[in-house]
>>> print(open('start-v8.csv').read())   # CSV, C-alpha atoms
chain,number,residue,atom,x,y,z
A,1,PHE,CA,-94.4,194.5,34.4
A,2,ILE,CA,-92.7,193.5,31.1
A,3,ALA,CA,-90.3,190.7,30.1
A,4,HIS,CA,-88.0,191.6,27.2
A,5,ILE,CA,-86.4,188.8,25.3
A,6,SER,CA,-84.3,188.8,22.1
A,7,ASP,CA,-82.2,187.0,19.6
A,8,LEU,CA,-83.5,183.4,19.8
A,9,HIS,CA,-81.8,182.3,16.5
A,10,VAL,CA,-84.0,179.2,16.2
A,11,SER,CA,-82.1,176.9,13.8
A,12,ALA,CA,-80.4,173.5,13.7
A,13,SER,CA,-77.1,175.1,14.7
A,14,GLU,CA,-77.2,178.2,16.8
A,15,PHE,CA,-80.2,177.5,19.0
A,16,ASN,CA,-80.0,176.0,22.5
A,17,GLU,CA,-83.3,174.3,23.2
A,18,GLU,CA,-82.4,173.4,26.8
A,19,ILE,CA,-81.7,177.0,27.7
A,20,PHE,CA,-84.8,178.2,25.9
A,21,MET,CA,-87.0,175.8,27.9
A,22,LYS,CA,-85.4,177.0,31.2
A,23,ALA,CA,-86.2,180.6,30.1
A,24,VAL,CA,-89.8,179.7,29.3
A,25,ALA,CA,-90.2,178.2,32.8
A,26,GLU,CA,-88.7,181.2,34.5
A,27,ILE,CA,-90.7,183.8,32.6
A,28,ASN,CA,-93.9,181.9,33.0
A,29,HIS,CA,-93.3,181.7,36.7
A,30,LEU,CA,-92.8,185.5,36.8
A,31,GLN,CA,-96.2,186.1,35.1
A,32,PRO,CA,-95.4,189.3,33.3
A,33,ASP,CA,-98.1,191.4,31.8
A,34,MET,CA,-96.5,191.0,28.4
A,35,ILE,CA,-93.4,189.8,26.6
A,36,ILE,CA,-91.6,191.9,24.0
A,37,LEU,CA,-89.4,190.0,21.6
A,38,THR,CA,-86.9,192.3,19.7
A,39,GLY,CA,-86.0,190.3,16.7
A,40,ASP,CA,-83.9,187.5,15.3
A,41,LEU,CA,-86.4,184.8,16.1
A,42,THR,CA,-84.7,182.7,13.5
A,43,GLU,CA,-81.1,182.2,12.2
A,44,HIS,CA,-81.7,182.1,8.5
A,45,GLY,CA,-85.3,183.3,8.0
A,46,TYR,CA,-86.3,179.9,6.6
A,47,TYR,CA,-90.0,179.1,6.5
A,48,LYS,CA,-89.3,175.9,8.5
A,49,GLU,CA,-87.5,177.9,11.2
A,50,PHE,CA,-90.4,180.2,11.5
A,51,GLN,CA,-92.8,177.2,11.8
A,52,GLN,CA,-90.6,175.8,14.6
A,53,THR,CA,-90.4,179.3,16.3
A,54,THR,CA,-94.1,179.7,16.5
A,55,LYS,CA,-94.4,176.4,18.3
A,56,TYR,CA,-91.7,177.5,20.8
A,57,LEU,CA,-93.4,180.9,21.3
A,58,GLU,CA,-96.7,179.3,22.1
A,59,MET,CA,-95.1,177.9,25.3
A,60,PHE,CA,-95.1,181.4,26.8
A,61,GLU,CA,-98.2,182.1,28.8
A,62,ALA,CA,-98.2,185.9,28.7
A,63,PRO,CA,-99.2,187.8,25.5
A,64,LEU,CA,-96.1,188.1,23.3
A,65,PHE,CA,-95.4,190.8,20.7
A,66,ALA,CA,-92.4,190.6,18.3
A,67,VAL,CA,-90.6,192.7,15.7
A,68,PRO,CA,-88.3,191.1,13.1
A,69,GLY,CA,-84.5,191.2,13.1
A,70,ASN,CA,-82.0,191.1,10.2
A,71,HIS,CA,-81.8,187.3,10.4
A,72,ASP,CA,-85.6,187.1,10.1
A,73,SER,CA,-85.6,189.0,6.8
A,74,ARG,CA,-83.3,186.6,5.0
A,75,ASN,CA,-84.6,184.1,2.4
A,76,LEU,CA,-88.0,185.7,2.1
A,77,GLY,CA,-88.3,185.5,5.9
A,78,TYR,CA,-90.1,188.9,6.0
A,79,GLN,CA,-93.0,187.2,4.3
A,80,SER,CA,-92.9,184.2,6.6
A,81,PHE,CA,-92.8,186.6,9.7
A,82,GLU,CA,-96.0,188.3,8.6
A,83,GLU,CA,-97.7,185.0,7.9
A,84,LEU,CA,-96.7,183.0,11.0
A,85,VAL,CA,-95.8,185.6,13.6
A,86,GLY,CA,-97.7,188.8,12.9
A,87,GLU,CA,-97.4,192.4,11.8
A,88,LYS,CA,-93.8,193.6,11.4
A,89,SER,CA,-94.6,197.0,12.9
A,90,TRP,CA,-97.5,197.7,15.3
A,91,LYS,CA,-98.9,199.8,18.1
A,92,LEU,CA,-100.7,198.5,21.2
A,93,THR,CA,-102.1,200.3,24.2
A,94,PHE,CA,-102.6,198.5,27.5
A,95,GLY,CA,-103.9,199.7,30.8
A,96,GLU,CA,-105.0,203.3,30.8
A,97,LYS,CA,-101.7,205.0,30.2
A,98,TYR,CA,-99.3,202.6,28.4
A,99,THR,CA,-98.4,202.5,24.7
A,100,VAL,CA,-95.9,200.2,23.0
A,101,VAL,CA,-94.8,200.8,19.4
A,102,GLY,CA,-93.0,198.0,17.5
A,103,LEU,CA,-90.8,199.0,14.6
A,104,ASP,CA,-89.5,196.9,11.7
A,105,SER,CA,-85.8,198.0,11.4
A,106,SER,CA,-84.9,195.1,9.0
A,107,SER,CA,-84.3,195.1,5.3
A,108,PRO,CA,-84.4,192.0,3.1
A,109,ASP,CA,-81.0,190.2,3.1
A,110,GLU,CA,-79.1,193.0,4.8
A,111,ASN,CA,-77.6,193.1,8.3
A,112,LYS,CA,-77.8,196.9,8.8
A,113,GLY,CA,-81.0,198.5,10.1
A,114,HIS,CA,-83.2,201.1,8.6
A,115,ILE,CA,-86.5,202.6,9.6
A,116,GLY,CA,-87.2,204.7,6.5
A,117,THR,CA,-89.3,207.8,6.0
A,118,PRO,CA,-92.9,206.3,5.9
A,119,GLN,CA,-92.4,204.3,9.1
A,120,HIS,CA,-90.6,207.3,10.7
A,121,LEU,CA,-93.6,209.5,10.0
A,122,TRP,CA,-96.0,206.9,11.3
A,123,LEU,CA,-93.8,206.6,14.5
A,124,GLU,CA,-93.9,210.4,15.0
A,125,HIS,CA,-97.7,210.4,14.8
A,126,GLN,CA,-98.0,207.6,17.4
A,127,LEU,CA,-95.6,209.4,19.7
A,128,ASP,CA,-97.5,212.7,19.3
A,129,GLU,CA,-100.6,210.9,20.6
A,130,CYS,CA,-98.6,209.6,23.5
A,131,VAL,CA,-97.5,213.1,24.4
A,132,ILE,CA,-101.1,214.5,24.1
A,133,ASN,CA,-102.6,211.6,26.1
A,134,ASP,CA,-99.7,211.6,28.7
A,135,HIS,CA,-99.0,207.9,28.0
A,136,PHE,CA,-96.0,206.0,29.2
A,137,SER,CA,-94.3,205.2,25.9
A,138,ILE,CA,-92.2,202.2,24.9
A,139,VAL,CA,-90.6,201.7,21.4
A,140,ALA,CA,-89.3,198.3,20.5
A,141,LEU,CA,-87.0,197.6,17.5
A,142,HIS,CA,-84.3,195.1,16.7
A,143,HIS,CA,-81.3,197.3,15.8
A,144,HIS,CA,-79.6,199.4,18.4
A,145,ILE,CA,-79.9,203.2,17.9
A,146,VAL,CA,-76.6,203.9,19.7
A,147,PRO,CA,-73.4,201.8,19.8
A,148,ILE,CA,-73.1,199.1,22.5
A,149,PRO,CA,-69.9,198.6,24.4
A,150,GLN,CA,-68.1,195.3,24.3
A,151,THR,CA,-69.3,194.5,20.8
A,152,GLY,CA,-66.3,195.3,18.7
A,153,ARG,CA,-66.3,197.4,15.6
A,154,GLU,CA,-69.6,199.3,15.1
A,155,ARG,CA,-71.1,198.4,11.8
A,156,ASN,CA,-74.8,197.6,12.1
A,157,VAL,CA,-76.4,200.5,13.8
A,158,LEU,CA,-79.5,202.0,12.2
A,159,SER,CA,-78.6,203.9,9.0
A,160,ASP,CA,-81.1,206.6,10.0
A,161,ALA,CA,-80.3,206.4,13.7
A,162,GLY,CA,-79.7,210.2,14.2
A,163,ASP,CA,-83.2,211.1,12.9
A,164,ILE,CA,-84.9,208.3,14.9
A,165,LEU,CA,-83.0,209.2,18.0
A,166,LYS,CA,-84.1,212.8,17.7
A,167,THR,CA,-87.7,211.8,17.4
A,168,LEU,CA,-87.5,209.4,20.4
A,169,THR,CA,-85.8,212.0,22.7
A,170,THR,CA,-87.9,215.0,21.7
A,171,HIS,CA,-91.0,213.0,22.5
A,172,GLU,CA,-89.4,211.9,25.7
A,173,VAL,CA,-90.1,208.2,25.0
A,174,ASP,CA,-89.7,206.4,28.4
A,175,LEU,CA,-88.2,203.1,27.2
A,176,VAL,CA,-86.5,202.1,23.9
A,177,LEU,CA,-85.9,198.3,23.7
A,178,SER,CA,-83.5,196.6,21.3
A,179,GLY,CA,-81.5,193.5,20.7
A,180,HIS,CA,-79.2,192.5,17.8
A,181,LYS,CA,-75.8,192.7,19.6
A,182,HIS,CA,-76.4,190.0,22.2
A,183,VAL,CA,-75.0,192.2,24.9
A,184,PRO,CA,-77.2,193.7,27.7
A,185,ASN,CA,-76.7,197.4,28.1
A,186,ILE,CA,-78.4,200.6,29.3
A,187,TRP,CA,-77.9,204.2,28.1
A,188,LYS,CA,-79.9,207.1,29.3
A,189,ILE,CA,-80.2,209.9,26.7
A,190,ASN,CA,-81.9,213.0,27.9
A,191,GLU,CA,-85.1,211.6,29.5
A,192,THR,CA,-85.1,208.4,27.4
A,193,VAL,CA,-83.8,205.1,28.8
A,194,VAL,CA,-82.4,202.9,26.0
A,195,VAL,CA,-82.0,199.2,26.9
A,196,ASN,CA,-80.4,196.4,25.0
A,197,ALA,CA,-81.2,192.8,25.7
A,198,GLY,CA,-78.8,189.9,25.4
A,199,SER,CA,-79.5,186.7,23.5
A,200,LEU,CA,-82.1,184.5,25.3
A,201,CYS,CA,-80.9,181.1,24.0
A,202,SER,CA,-78.5,181.2,21.2
A,203,SER,CA,-74.9,180.0,21.3
A,204,LYS,CA,-73.7,183.3,19.7
A,205,LEU,CA,-72.3,184.9,22.8
A,206,ARG,CA,-69.4,187.3,23.3
A,207,GLY,CA,-66.7,186.6,25.9
A,208,LYS,CA,-68.2,185.5,29.3
A,209,ILE,CA,-71.6,187.1,28.6
A,210,LYS,CA,-74.4,184.6,29.3
A,211,ASN,CA,-77.9,184.0,27.9
A,212,SER,CA,-80.2,186.4,29.5
A,213,TYR,CA,-83.4,188.5,29.4
A,214,ASN,CA,-84.6,191.8,30.9
A,215,VAL,CA,-87.5,192.4,33.2
A,216,TYR,CA,-89.0,195.9,33.7
A,217,HIS,CA,-91.0,196.9,36.8
A,218,ILE,CA,-92.8,200.1,36.0
A,219,THR,CA,-94.4,202.0,38.9
A,220,ASP,CA,-95.9,205.4,39.2
A,221,THR,CA,-92.5,206.9,40.0
A,222,ASP,CA,-89.8,204.6,38.8
A,223,ILE,CA,-88.6,202.2,36.1
A,224,GLU,CA,-86.6,199.3,37.6
A,225,ILE,CA,-84.7,197.1,35.1
A,226,TYR,CA,-83.5,193.6,36.1
A,227,LEU,CA,-81.1,191.5,34.2
A,228,ASN,CA,-81.9,187.8,34.5
A,229,ASN,CA,-79.3,185.3,33.4
A,230,VAL,CA,-81.1,182.1,32.3
A,231,GLY,CA,-80.8,179.5,35.1
A,232,GLY,CA,-78.6,181.8,37.1
A,233,GLU,CA,-78.3,185.1,39.0
A,234,LYS,CA,-80.8,188.0,38.7
A,235,PHE,CA,-79.8,191.5,39.7
A,236,LEU,CA,-81.0,195.1,39.5
A,237,PHE,CA,-79.5,196.5,36.2
A,238,GLY,CA,-80.7,200.0,36.5
A,239,LYS,CA,-83.3,202.2,38.3
A,240,TYR,CA,-84.6,205.5,36.8
A,241,PRO,CA,-87.2,208.0,37.8
A,242,ARG,CA,-90.2,208.2,35.5
A,243,ASN,CA,-90.9,211.3,33.4
A,244,VAL,CA,-93.8,212.5,35.5
A,245,LEU,CA,-95.0,216.0,35.1
>>> encode(input="start-v8.csv", output="structure tokens")
Amino acid sequence: FIAHISDLHVSASEFNEEIFMKAVAEINHLQPDMIILTGDLTEHGYYKEFQQTTKYLEMFEAPLFAVPGNHDSRNLGYQSFEELVGEKSWKLTFGEKYTVVGLDSSSPDENKGHIGTPQHLWLEHQLDECVINDHFSIVALHHHIVPIPQTGRERNVLSDAGDILKTLTTHEVDLVLSGHKHVPNIWKINETVVVNAGSLCSSKLRGKIKNSYNVYHITDTDIEIYLNNVGGEKFLFGKYPRNVL
């Protein structure tokens, strides 16, 4: 199964180390097969923030794969991300039938998201292969592709969201994982389950929403999504049948 974390905002001001350490202990105890981190590892994209972030991420025992968020691309952070964290977009295959594609939806010093034509064409090629090989497909990116409730005025959705959404749904991508808005949410669009994670450990929370992360149990027939509040309650957030032919 997979743990999905997002929006750490490592910094001197917005990051809660105590909550982060609780989350690390909880997730390590769960022993997920992998951890997907959907952006905003840092608050300002400063090199020193990335250095601190890499030390924090080493505390997780499971393999961790991250994509950058808009905060990570500030102050030349997109260069620091590649140097200290890894590729900004990537594809990995695990098991015999699972593919995860990570997308870079960030643009230097901008809050809005954008995938762009070259990356979009690359995504289509990867998803074509998933269809041909009958793989369970997961796409991870920072920016949400559809608006999220309880987040106020919509202003930072992907600028090319319509085209990306069409590609995702026509290829019947099983799971799309995002962050950015710090509000957990699930939409199901055609056969694609679109899941937003809350903020794992930042103080930037809306209303009574708590720091949280998502856990995905994927079986041969179902996708179970659990919402885990850090240091608190855990509950079934959604359950969906798999796209099995």
>>> axis_aligned_box(input="start-v8.csv", around="segment 24-35 of chain A", padding_each_side="4 Å", output="lines of an AutoDock Vina configuration file")
center_x = -93.4
center_y = 184.8
center_z = 31.7
size_x = 17.4
size_y = 21.2
size_z = 18.2
>>> residues_near_point(input="start-v8.csv", point="(-80.1, 196.1, 37.0)", cutoff="10 Å", atoms="all atoms listed in the file", output="number ranges by chain")
A: 185-186, 214-216, 224-228, 234-239
>>> residues_around(input="start-v8.csv", residues="segment 119-131 of chain A", least_positions_apart="4", cutoff="8 Å", atoms="all atoms listed in the file", output="PyMOL selection string")
chain A and resi 91+99+101+103+115+135-137+164+167+171+173
>>> closest_atom_pairs(input="start-v8.csv", of="segment 50-81 of chain A", to="segment 108-114 of chain A", cutoff="7 Å", atoms="only C-alpha atoms", output="tab-separated table")
residue	atom	partner	partner_atom	distance
A:Asn70	CA	A:Asn111	CA	5.2
A:Ser73	CA	A:Pro108	CA	4.9
A:Arg74	CA	A:Asp109	CA	4.7
>>> residues_near_point(input="start-v8.csv", point="(-86.5, 172.8, 11.8)", cutoff="7 Å", atoms="all atoms listed in the file", output="NGL selection string")
:A and (11-12 or 48-49 or 52)
>>> atom_distance(input="start-v8.csv", atom1="atom CA of Asn243 of chain A", atom2="atom CA of Glu172 of chain A")
7.9 Å
>>> residues_around(input="start-v8.csv", residues="Gly231 of chain A", least_positions_apart="3", cutoff="8 Å", atoms="only C-alpha atoms", output="list in words")
Ile19, Lys22 and Ala23 of chain A
>>> residues_around(input="start-v8.csv", residues="Leu177 of chain A", least_positions_apart="6", cutoff="6 Å", atoms="only C-alpha atoms", output="count of residues only")
3
>>> closest_residue(input="start-v8.csv", among="A:Ile5, A:Lys97, A:Glu83, A:Arg153", to="Leu57 of chain A", atoms="all atoms listed in the file")
A:Ile5
>>> atom_distance(input="start-v8.csv", atom1="atom CA of Lys181 of chain A", atom2="atom CA of Val85 of chain A")
22.1 Å
>>> atom_distance(input="start-v8.csv", atom1="atom CA of His44 of chain A", atom2="atom CA of Asp163 of chain A")
29.4 Å
>>> closest_residue(input="start-v8.csv", among="A:Leu76, A:Leu8, A:Val139, A:Ile35", to="Tyr56 of chain A", atoms="only C-alpha atoms")
A:Leu8
>>> closest_residue(input="start-v8.csv", among="A:Gln150, A:Asn190, A:Ser178, A:Ser106", to="Thr38 of chain A", atoms="only C-alpha atoms")
A:Ser178
>>> build_atoms(input="start-v8.csv", residues="segment 177-189 of chain A", atoms="N, CA, C and O atoms", output="mmCIF file, in the frame of the given file")
data_model
loop_
_atom_site.group_PDB
_atom_site.id
_atom_site.type_symbol
_atom_site.label_atom_id
_atom_site.label_comp_id
_atom_site.auth_asym_id
_atom_site.auth_seq_id
_atom_site.Cartn_x
_atom_site.Cartn_y
_atom_site.Cartn_z
ATOM 1 N N LEU A 177 -86.408 199.673 23.511
ATOM 2 C CA LEU A 177 -85.900 198.300 23.700
ATOM 3 C C LEU A 177 -85.373 197.756 22.401
ATOM 4 O O LEU A 177 -86.038 197.817 21.362
ATOM 5 N N SER A 178 -84.166 197.191 22.453
ATOM 6 C CA SER A 178 -83.500 196.600 21.300
ATOM 7 C C SER A 178 -82.817 195.337 21.604
ATOM 8 O O SER A 178 -82.721 194.939 22.765
ATOM 9 N N GLY A 179 -82.302 194.687 20.562
ATOM 10 C CA GLY A 179 -81.500 193.500 20.700
ATOM 11 C C GLY A 179 -80.298 193.540 19.819
ATOM 12 O O GLY A 179 -79.515 194.458 19.885
ATOM 13 N N HIS A 180 -80.151 192.557 18.956
ATOM 14 C CA HIS A 180 -79.200 192.500 17.800
ATOM 15 C C HIS A 180 -77.765 192.217 18.256
ATOM 16 O O HIS A 180 -77.110 191.375 17.640
ATOM 17 N N LYS A 181 -77.227 192.863 19.272
ATOM 18 C CA LYS A 181 -75.800 192.700 19.600
ATOM 19 C C LYS A 181 -75.507 191.628 20.622
ATOM 20 O O LYS A 181 -74.346 191.343 20.905
ATOM 21 N N HIS A 182 -76.547 191.053 21.231
ATOM 22 C CA HIS A 182 -76.400 190.000 22.200
ATOM 23 C C HIS A 182 -75.636 190.398 23.455
ATOM 24 O O HIS A 182 -75.039 189.569 24.147
ATOM 25 N N VAL A 183 -75.667 191.689 23.741
ATOM 26 C CA VAL A 183 -75.000 192.200 24.900
ATOM 27 C C VAL A 183 -75.966 193.140 25.676
ATOM 28 O O VAL A 183 -76.443 194.120 25.109
ATOM 29 N N PRO A 184 -76.278 192.825 26.937
ATOM 30 C CA PRO A 184 -77.200 193.700 27.700
ATOM 31 C C PRO A 184 -76.484 195.043 27.975
ATOM 32 O O PRO A 184 -75.292 195.096 28.278
ATOM 33 N N ASN A 185 -77.267 196.114 27.882
ATOM 34 C CA ASN A 185 -76.700 197.400 28.100
ATOM 35 C C ASN A 185 -77.808 198.445 28.349
ATOM 36 O O ASN A 185 -78.933 198.265 27.878
ATOM 37 N N ILE A 186 -77.486 199.505 29.087
ATOM 38 C CA ILE A 186 -78.400 200.600 29.300
ATOM 39 C C ILE A 186 -77.698 201.925 29.017
ATOM 40 O O ILE A 186 -76.608 202.158 29.524
ATOM 41 N N TRP A 187 -78.310 202.776 28.190
ATOM 42 C CA TRP A 187 -77.900 204.200 28.100
ATOM 43 C C TRP A 187 -79.104 205.021 28.478
ATOM 44 O O TRP A 187 -80.249 204.653 28.200
ATOM 45 N N LYS A 188 -78.847 206.145 29.123
ATOM 46 C CA LYS A 188 -79.900 207.100 29.300
ATOM 47 C C LYS A 188 -79.539 208.368 28.500
ATOM 48 O O LYS A 188 -78.470 208.956 28.695
ATOM 49 N N ILE A 189 -80.407 208.746 27.571
ATOM 50 C CA ILE A 189 -80.200 209.900 26.700
ATOM 51 C C ILE A 189 -81.271 210.889 26.916
ATOM 52 O O ILE A 189 -82.443 210.616 26.610
#
